[in-house]
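This report refers to the structure that appears directly beneath it.
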Amino acid sequence: MNNQKQQKPTLSGQRFKTRKRDEKERFDPTQFQDCIIQGLTETGTDLEAVAKFLDASGAKLDYRRYAETLFDILVAGGMLAPGGTLADDMMRTEVCVFAAQEDLETMQAFAQVFNKLIRRYKYLEKGFEDEVKKLLLFLKGFSESERNKLAMLTGVLLANGTLNASILNSLYNENLVKEGVSAAFAVKLFKSWINEKDINAVAASLRKVSMDNRLMELFPANKQSVEHFTKYFTEAGLKELSEYVRNQQTIGARKELQKELQEQMSRGDPFKDIILYVKEEMKKNNIPEPVVIGIVWSSVMSTVEWNKKEELVAEQAIKHLKQYSPLLAAFTTQGQSELTLLLKIQEYCYDNIHFMKAFQKIVVLFYKAEVLSEEPILKWYKDAHVAKGKSVFLEQMKKFVEWLKNAEEESESEAEEGD
């Protein structure tokens with residue numbers, strides 16, 4: 001018996017026919033480019049005609065595959081080589097952003113072309129975003145005029161929602177920042193963006209992609225200060241952007257102060273050390289005292305697990321606040337700070353229902369501990385209070401305010417007798 005395996009027959013010289021759908025079409029952006037450029041040459045600079053041509057061509061040409069080539073042509077006039085230069089041997093068109101007039105109106109018209117194209121072919125959205133990110137990295141390869149046009153166009157596209165603010169990440173490229181290209185580009189971009197919308201809409205878009213606290217990174221590390229940013233953008237005519245960044249820095253500094261303050265209190269650091277730290281932060285970040293007293297109050301109230309029983313919480317609050325009175329007193333050296341503290345106490349007692357009956361006791365404690373003085377208390381009672389729990393708190397304070405007024409009158413009459 002033959003144990004050897006029989007050899008299977010082999011087919012030699014036979015070709016298998018590949019089904020058409022399995023054939024991989026050769027990637028040929030040059031042919032695609034020629035078709036687009038020829039069409040643009042025929043439409044001329046009439047952007048309405050350009051938009052119609054692009055709309056119709058999407059049915060015949062493979063936009064999905066050649067998205068990068070398509071956008072290169074519409075922006076730069078032809079396919080871009082790495083670094084942002086146009087290849088010499090390639091066809092090019094004058095119907096593009098870089099060859100257009102350098103003014104906002106023309107860039108707004110081009111923005112409409114991109115807008116219509118992407119609305120018609122939604123799948124181009126991602127490709128267009130990638131294209132803009134690439135173009136921003138190529139900025140050094142473009143002329144100043146080309147950069148200005150691209151900046152204005154990008155600002156308009158950010159304003160109308162065609163682009164997402166995350167594309168700005170490309171501007172933080174180290175070389176672009178170092179050579180001042182990023183900051184100069186950002187000036188033109190933000191001017192056209194704010195012109196289309198306003199600073200609040202711009203801020204909301206930046207916040208959405210966590211870019212609102214990164215704008216100072218447009219400058220090298222040794223120039224990343226609020227002062228430098230404010231000077232540069234204010235001189236460039238963008239005062240509202242400068243003020244926005246300054247406010248963002250202040251908000252960030254305040255949050256950081258509150259966080260550190262709570263940590264120091266939970267560690268039980270001496271008050272003199274805490275006061276010294278807070279005063280240094282006030283000076284460094286230009287935080288006014290009325291703002292600081294609000295932060296100190298919030299921090300003091302958040303270090304305790306409060307009793308849920310109304311009859312016990314007042315006693316607990318008085319004991320806790322008596323301990324922290326010296327700290328609070330250090331930041332009520334101005335009448336406005338005292339008034340701010342009174343309003344913070346009012347809001348806290350209203351928002352935390354168990355504290356409703358504790359309001360007057362807290363104010364009296366702070367008066368005795370010289371955290372608050374009579375004038376701000378009387379002003380609060382007369383017309384500086386807020387609506388929250390107003391009737392309850394004014395009723396609570398009635399007798400104490402009468403006592404304060406009488407004490408004030410007595411001291412005035414004593415002073416007159418002395419004269």
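Letters A, B, ... go to the chains of the structure tokens in the order shown; residues in each chain start at 1; ligands are counted from 1 in the same order.
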What lies within 9 Å of region 49-57 of chain A using only C-alpha atoms, ignoring chain neighbours under 3 positions off, as a list in words?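 Selected residues are Ile36, Gly39, Leu40, Thr43, Gly44, Thr45, Asp46, Lys60, Leu61, Asp62, Tyr63, Val95, Gln112, Val113, Phe114, Lys116, Leu117, Arg120 and Tyr121 of chain A.
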What does the file look like for those residues with C-alpha atoms, as an mmCIF file, in the first residue's frame?
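Result file result05.cif:
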```cif
data_model
loop_
_atom_site.group_PDB
_atom_site.id
_atom_site.type_symbol
_atom_site.label_atom_id
_atom_site.label_comp_id
_atom_site.auth_asym_id
_atom_site.auth_seq_id
_atom_site.Cartn_x
_atom_site.Cartn_y
_atom_site.Cartn_z
ATOM 1 C CA ILE A 36 -10.435 70.770 -11.092
ATOM 2 C CA GLY A 39 -13.018 73.647 -14.511
ATOM 3 C CA LEU A 40 -11.903 76.627 -12.414
ATOM 4 C CA THR A 43 -15.552 79.531 -14.422
ATOM 5 C CA GLY A 44 -13.078 82.390 -13.903
ATOM 6 C CA THR A 45 -13.210 84.488 -10.728
ATOM 7 C CA ASP A 46 -17.016 84.444 -10.454
ATOM 8 C CA LYS A 60 -18.197 62.864 -11.159
ATOM 9 C CA LEU A 61 -14.917 63.266 -9.254
ATOM 10 C CA ASP A 62 -13.737 61.388 -6.148
ATOM 11 C CA TYR A 63 -13.778 64.198 -3.559
ATOM 12 C CA VAL A 95 -8.950 81.074 -8.932
ATOM 13 C CA GLN A 112 -19.191 80.927 1.284
ATOM 14 C CA VAL A 113 -17.651 78.684 -1.405
ATOM 15 C CA PHE A 114 -16.151 76.377 1.266
ATOM 16 C CA LYS A 116 -21.573 75.468 0.375
ATOM 17 C CA LEU A 117 -19.155 72.718 -0.654
ATOM 18 C CA ARG A 120 -23.292 69.650 0.102
ATOM 19 C CA TYR A 121 -20.637 66.964 0.761
#
```
Select from region 17-117 of chain A everything DSSP, run on the backbone, classes as alpha helix (DSSP H), then give the selection as JSON, numbers by chain. {"A": [29, 30, 31, 32, 33, 34, 35, 36, 37, 38, 39, 40, 41, 42, 43, 47, 48, 49, 50, 51, 52, 53, 54, 55, 56, 57, 67, 68, 69, 70, 71, 72, 73, 74, 75, 76, 104, 105, 106, 107, 108, 109, 110, 111, 112, 113, 114, 115, 116, 117]}
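Residues in contact range of Asn160 (chain A), defined as at most 12 Å between only C-alpha atoms, with sequence neighbours fewer than 5 positions away removed, read Gln108, Ala111, Gln112, Phe114, Asn115, Lys116, Leu153, Thr154, Gly155, Ala165, Ser192, Trp193, Ile194, Asn195, Glu196, Lys197, Ala201, Val202 and Ser205 of chain A.
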Show which residues sit within 12 Å of Gly389 (chain A), as a list in words. Count only C-alpha atoms, and ignore same-chain residues fewer than 5 positions away. Leu343, Ile345, Gln346, Glu347, Tyr348, Cys349, Tyr350, Asp351, Asn352, Ile353, Phe355, Met356, Lys357, Phe359, Leu394, Glu395 and Gln396 of chain A
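For the pair CA of Ser325 (chain A) and CA of Ile295 (chain A), the interatomic distance is 14.4 Å.
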What are the closest atom pairs, with distances in Å to one decimal, for each residue of region 326-399 of chain A lying within 12 Å of region 273-281 of chain A, using only C-alpha atoms, rows by chain and rising residue number, as CSV?
```
residue,atom,partner,partner_atom,distance
A:Pro326,CA,A:Ile275,CA,9.6
A:Leu327,CA,A:Ile275,CA,6.9
A:Leu328,CA,A:Ile275,CA,9.4
A:Ala329,CA,A:Ile275,CA,10.2
A:Ala330,CA,A:Ile275,CA,7.2
A:Phe331,CA,A:Ile275,CA,8.6
```
Output for the residues just chosen: all heavy atoms as a PDB file, in the first residue's frame:
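Generated file (selection.pdb):
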```pdb
ATOM      1  N   PRO A 326     -10.193  86.242  63.154  1.00  0.00           N
ATOM      2  CA  PRO A 326      -8.960  87.004  62.854  1.00  0.00           C
ATOM      3  C   PRO A 326      -8.566  86.929  61.365  1.00  0.00           C
ATOM      4  O   PRO A 326      -8.064  87.907  60.802  1.00  0.00           O
ATOM      5  CB  PRO A 326      -7.893  86.320  63.727  1.00  0.00           C
ATOM      6  CG  PRO A 326      -8.666  85.630  64.808  1.00  0.00           C
ATOM      7  CD  PRO A 326      -9.946  85.215  64.193  1.00  0.00           C
ATOM      8  N   LEU A 327      -8.806  85.787  60.753  1.00  0.00           N
ATOM      9  CA  LEU A 327      -8.475  85.620  59.335  1.00  0.00           C
ATOM     10  C   LEU A 327      -9.389  86.494  58.474  1.00  0.00           C
ATOM     11  O   LEU A 327      -8.932  87.183  57.553  1.00  0.00           O
ATOM     12  CB  LEU A 327      -8.627  84.141  58.937  1.00  0.00           C
ATOM     13  CG  LEU A 327      -8.312  83.783  57.473  1.00  0.00           C
ATOM     14  CD1 LEU A 327      -6.870  84.104  57.109  1.00  0.00           C
ATOM     15  CD2 LEU A 327      -8.595  82.306  57.207  1.00  0.00           C
ATOM     16  N   LEU A 328     -10.679  86.474  58.766  1.00  0.00           N
ATOM     17  CA  LEU A 328     -11.647  87.284  58.012  1.00  0.00           C
ATOM     18  C   LEU A 328     -11.391  88.775  58.219  1.00  0.00           C
ATOM     19  O   LEU A 328     -11.484  89.569  57.278  1.00  0.00           O
ATOM     20  CB  LEU A 328     -13.075  86.920  58.418  1.00  0.00           C
ATOM     21  CG  LEU A 328     -13.544  85.530  57.942  1.00  0.00           C
ATOM     22  CD1 LEU A 328     -14.591  84.963  58.885  1.00  0.00           C
ATOM     23  CD2 LEU A 328     -14.100  85.598  56.533  1.00  0.00           C
ATOM     24  N   ALA A 329     -11.035  89.148  59.451  1.00  0.00           N
ATOM     25  CA  ALA A 329     -10.799  90.568  59.771  1.00  0.00           C
ATOM     26  C   ALA A 329      -9.620  91.145  58.981  1.00  0.00           C
ATOM     27  O   ALA A 329      -9.593  92.340  58.672  1.00  0.00           O
ATOM     28  CB  ALA A 329     -10.550  90.726  61.266  1.00  0.00           C
ATOM     29  N   ALA A 330      -8.669  90.291  58.631  1.00  0.00           N
ATOM     30  CA  ALA A 330      -7.492  90.755  57.885  1.00  0.00           C
ATOM     31  C   ALA A 330      -7.855  91.244  56.490  1.00  0.00           C
ATOM     32  O   ALA A 330      -7.097  91.983  55.856  1.00  0.00           O
ATOM     33  CB  ALA A 330      -6.465  89.623  57.782  1.00  0.00           C
ATOM     34  N   PHE A 331      -9.050  90.850  56.005  1.00  0.00           N
ATOM     35  CA  PHE A 331      -9.439  91.213  54.637  1.00  0.00           C
ATOM     36  C   PHE A 331     -10.753  92.005  54.581  1.00  0.00           C
ATOM     37  O   PHE A 331     -11.465  91.978  53.592  1.00  0.00           O
ATOM     38  CB  PHE A 331      -9.508  89.948  53.765  1.00  0.00           C
ATOM     39  CG  PHE A 331      -8.203  89.213  53.745  1.00  0.00           C
ATOM     40  CD1 PHE A 331      -8.024  88.057  54.513  1.00  0.00           C
ATOM     41  CD2 PHE A 331      -7.109  89.704  53.043  1.00  0.00           C
ATOM     42  CE1 PHE A 331      -6.803  87.396  54.542  1.00  0.00           C
ATOM     43  CE2 PHE A 331      -5.886  89.052  53.061  1.00  0.00           C
ATOM     44  CZ  PHE A 331      -5.731  87.897  53.812  1.00  0.00           C
TER      45      PHE A 331
END
```
Rounded to one decimal in Å, what is the spacing between CA of Leu365 (chain A) and CA of Gln262 (chain A)?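 According to the coordinates, CA of Leu365 (chain A) and CA of Gln262 (chain A) are separated by 22.5 Å.
Atom to atom, CA of Phe190 (chain A) and CA of Asn175 (chain A) stand 20.7 Å apart.
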Can you tell me, as number ranges by chain, what residues are no more than 12 Å from Tyr324 (chain A) when counting only C-alpha atoms, ignoring any on the same chain fewer than 3 positions away? A: 265, 268, 270-272, 274-275, 296-297, 299-301, 303, 317-321, 327-331, 365-366, 369, 371
Print the selection's residues with N, CA and C atoms to a file, as a JSON list (two decimals), in the first residue's frame.
```json
[["chain", "number", "residue", "atom", "x", "y", "z"],
["A", 265, "MET", "N", -6.08, 75.64, 55.22],
["A", 265, "MET", "CA", -7.00, 75.56, 56.37],
["A", 265, "MET", "C", -7.16, 74.12, 56.85],
["A", 268, "GLY", "N", -4.42, 73.12, 58.88],
["A", 268, "GLY", "CA", -4.32, 73.84, 60.15],
["A", 268, "GLY", "C", -3.14, 74.79, 60.20],
["A", 270, "PRO", "N", -0.93, 78.15, 60.50],
["A", 270, "PRO", "CA", -1.18, 79.36, 61.32],
["A", 270, "PRO", "C", -1.79, 80.48, 60.47],
["A", 271, "PHE", "N", -2.68, 81.26, 61.09],
["A", 271, "PHE", "CA", -3.35, 82.34, 60.35],
["A", 271, "PHE", "C", -2.36, 83.34, 59.77],
["A", 272, "LYS", "N", -1.30, 83.63, 60.51],
["A", 272, "LYS", "CA", -0.34, 84.64, 60.01],
["A", 272, "LYS", "C", 0.30, 84.19, 58.68],
["A", 274, "ILE", "N", -1.19, 82.09, 56.51],
["A", 274, "ILE", "CA", -2.26, 82.13, 55.49],
["A", 274, "ILE", "C", -2.46, 83.57, 55.01],
["A", 275, "ILE", "N", -2.51, 84.51, 55.97],
["A", 275, "ILE", "CA", -2.71, 85.93, 55.63],
["A", 275, "ILE", "C", -1.57, 86.43, 54.73],
["A", 296, "VAL", "N", -12.28, 84.03, 50.87],
["A", 296, "VAL", "CA", -11.95, 83.59, 52.24],
["A", 296, "VAL", "C", -13.22, 83.05, 52.92],
["A", 297, "TRP", "N", -14.34, 83.78, 52.77],
["A", 297, "TRP", "CA", -15.60, 83.34, 53.38],
["A", 297, "TRP", "C", -15.99, 81.94, 52.86],
["A", 299, "SER", "N", -14.14, 79.65, 51.56],
["A", 299, "SER", "CA", -13.17, 78.65, 52.02],
["A", 299, "SER", "C", -13.42, 78.27, 53.48],
["A", 300, "VAL", "N", -13.69, 79.27, 54.30],
["A", 300, "VAL", "CA", -13.97, 79.03, 55.73],
["A", 300, "VAL", "C", -15.21, 78.16, 55.89],
["A", 301, "MET", "N", -16.24, 78.46, 55.10],
["A", 301, "MET", "CA", -17.51, 77.72, 55.24],
["A", 301, "MET", "C", -17.44, 76.30, 54.65],
["A", 303, "THR", "N", -14.90, 74.20, 55.03],
["A", 303, "THR", "CA", -14.00, 73.31, 55.77],
["A", 303, "THR", "C", -14.73, 72.48, 56.83],
["A", 317, "ALA", "N", -22.00, 77.07, 63.92],
["A", 317, "ALA", "CA", -21.48, 78.13, 63.05],
["A", 317, "ALA", "C", -20.77, 79.20, 63.86],
["A", 318, "ILE", "N", -21.35, 79.61, 64.97],
["A", 318, "ILE", "CA", -20.76, 80.66, 65.81],
["A", 318, "ILE", "C", -19.40, 80.20, 66.35],
["A", 319, "LYS", "N", -19.35, 78.97, 66.81],
["A", 319, "LYS", "CA", -18.10, 78.42, 67.34],
["A", 319, "LYS", "C", -17.01, 78.39, 66.25],
["A", 320, "HIS", "N", -17.40, 77.95, 65.05],
["A", 320, "HIS", "CA", -16.46, 77.83, 63.93],
["A", 320, "HIS", "C", -15.99, 79.21, 63.46],
["A", 321, "LEU", "N", -16.94, 80.14, 63.29],
["A", 321, "LEU", "CA", -16.60, 81.47, 62.76],
["A", 321, "LEU", "C", -15.84, 82.33, 63.76],
["A", 327, "LEU", "N", -8.81, 85.79, 60.75],
["A", 327, "LEU", "CA", -8.47, 85.62, 59.34],
["A", 327, "LEU", "C", -9.39, 86.49, 58.47],
["A", 328, "LEU", "N", -10.68, 86.47, 58.77],
["A", 328, "LEU", "CA", -11.65, 87.28, 58.01],
["A", 328, "LEU", "C", -11.39, 88.78, 58.22],
["A", 329, "ALA", "N", -11.04, 89.15, 59.45],
["A", 329, "ALA", "CA", -10.80, 90.57, 59.77],
["A", 329, "ALA", "C", -9.62, 91.15, 58.98],
["A", 330, "ALA", "N", -8.67, 90.29, 58.63],
["A", 330, "ALA", "CA", -7.49, 90.75, 57.89],
["A", 330, "ALA", "C", -7.85, 91.24, 56.49],
["A", 331, "PHE", "N", -9.05, 90.85, 56.00],
["A", 331, "PHE", "CA", -9.44, 91.21, 54.64],
["A", 331, "PHE", "C", -10.75, 92.01, 54.58],
["A", 365, "LEU", "N", -21.72, 88.47, 65.90],
["A", 365, "LEU", "CA", -20.40, 87.91, 66.23],
["A", 365, "LEU", "C", -19.30, 88.68, 65.51],
["A", 366, "PHE", "N", -19.47, 88.92, 64.20],
["A", 366, "PHE", "CA", -18.45, 89.63, 63.41],
["A", 366, "PHE", "C", -18.32, 91.09, 63.83],
["A", 369, "ALA", "N", -16.28, 90.92, 66.96],
["A", 369, "ALA", "CA", -14.90, 90.50, 66.67],
["A", 369, "ALA", "C", -14.17, 91.51, 65.76],
["A", 371, "VAL", "N", -14.76, 92.30, 62.73],
["A", 371, "VAL", "CA", -14.67, 91.92, 61.31],
["A", 371, "VAL", "C", -15.55, 92.90, 60.53]]
```
Between A:Gly180, A:Gly77, A:Gly252, A:Gly237, which residue has the minimum interatomic distance to Phe219 (chain A), considering only C-alpha atoms?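 When distances to Phe219 (chain A) are compared using only C-alpha atoms, the smallest one comes from A:Gly180.
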Applying 8 Å and only C-alpha atoms, which residues near Met107 (chain A) remain after dropping the ones on its own chain fewer than 6 positions away? List them as a ChimeraX atom specification. /A:97,149,152-153,156
Save out the residues we just selected, all heavy atoms, as an mmCIF file, in the first residue's frame.
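Result went into part.cif, see below:
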```cif
data_model
loop_
_atom_site.group_PDB
_atom_site.id
_atom_site.type_symbol
_atom_site.label_atom_id
_atom_site.label_comp_id
_atom_site.auth_asym_id
_atom_site.auth_seq_id
_atom_site.Cartn_x
_atom_site.Cartn_y
_atom_site.Cartn_z
ATOM 1 N N VAL A 97 -7.696 81.257 -3.057
ATOM 2 C CA VAL A 97 -7.599 82.242 -1.960
ATOM 3 C C VAL A 97 -6.313 83.060 -2.075
ATOM 4 O O VAL A 97 -6.332 84.292 -1.982
ATOM 5 C CB VAL A 97 -7.672 81.517 -0.591
ATOM 6 C CG1 VAL A 97 -7.363 82.489 0.553
ATOM 7 C CG2 VAL A 97 -9.032 80.866 -0.392
ATOM 8 N N LYS A 149 -4.464 86.547 4.132
ATOM 9 C CA LYS A 149 -5.713 86.063 3.517
ATOM 10 C C LYS A 149 -6.203 84.794 4.218
ATOM 11 O O LYS A 149 -7.394 84.653 4.508
ATOM 12 C CB LYS A 149 -5.486 85.783 2.027
ATOM 13 C CG LYS A 149 -5.248 87.030 1.191
ATOM 14 C CD LYS A 149 -4.775 86.642 -0.200
ATOM 15 C CE LYS A 149 -4.120 87.802 -0.902
ATOM 16 N NZ LYS A 149 -3.503 87.400 -2.173
ATOM 17 N N MET A 152 -7.703 85.709 7.648
ATOM 18 C CA MET A 152 -9.055 86.295 7.543
ATOM 19 C C MET A 152 -10.084 85.225 7.200
ATOM 20 O O MET A 152 -11.161 85.170 7.794
ATOM 21 C CB MET A 152 -9.071 87.402 6.485
ATOM 22 C CG MET A 152 -8.375 88.682 6.928
ATOM 23 S SD MET A 152 -8.633 90.043 5.768
ATOM 24 C CE MET A 152 -7.330 89.761 4.585
ATOM 25 N N LEU A 153 -9.740 84.367 6.238
ATOM 26 C CA LEU A 153 -10.639 83.281 5.833
ATOM 27 C C LEU A 153 -10.934 82.355 7.013
ATOM 28 O O LEU A 153 -12.087 82.009 7.277
ATOM 29 C CB LEU A 153 -10.010 82.476 4.694
ATOM 30 C CG LEU A 153 -10.782 81.230 4.246
ATOM 31 C CD1 LEU A 153 -12.055 81.612 3.510
ATOM 32 C CD2 LEU A 153 -9.921 80.329 3.383
ATOM 33 N N VAL A 156 -13.366 83.881 9.511
ATOM 34 C CA VAL A 156 -14.755 83.843 9.036
ATOM 35 C C VAL A 156 -15.331 82.424 9.161
ATOM 36 O O VAL A 156 -16.469 82.237 9.601
ATOM 37 C CB VAL A 156 -14.851 84.329 7.571
ATOM 38 C CG1 VAL A 156 -16.284 84.196 7.050
ATOM 39 C CG2 VAL A 156 -14.389 85.781 7.449
#
```
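Close contacts of Gly84 (chain A), defined as residues with an atom at most 7 Å away when counting only C-alpha atoms, with chain neighbours fewer than 5 positions off set aside, comprise Phe138, Gly141 and Phe142 of chain A.
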Distance criterion (only C-alpha atoms): nearest to Glu68 (chain A) out of A:Tyr367, A:Tyr232, A:Tyr381, A:Phe32: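 Residue with the minimum atom-to-atom distance to Glu68 (chain A): A:Phe32.
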Proximity to Lys322 (chain A) - best of A:Ile362, A:Leu241, A:Ile118, A:Val304, only C-alpha atoms: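 Counting only C-alpha atoms, the residue closest to Lys322 (chain A) is A:Ile362.
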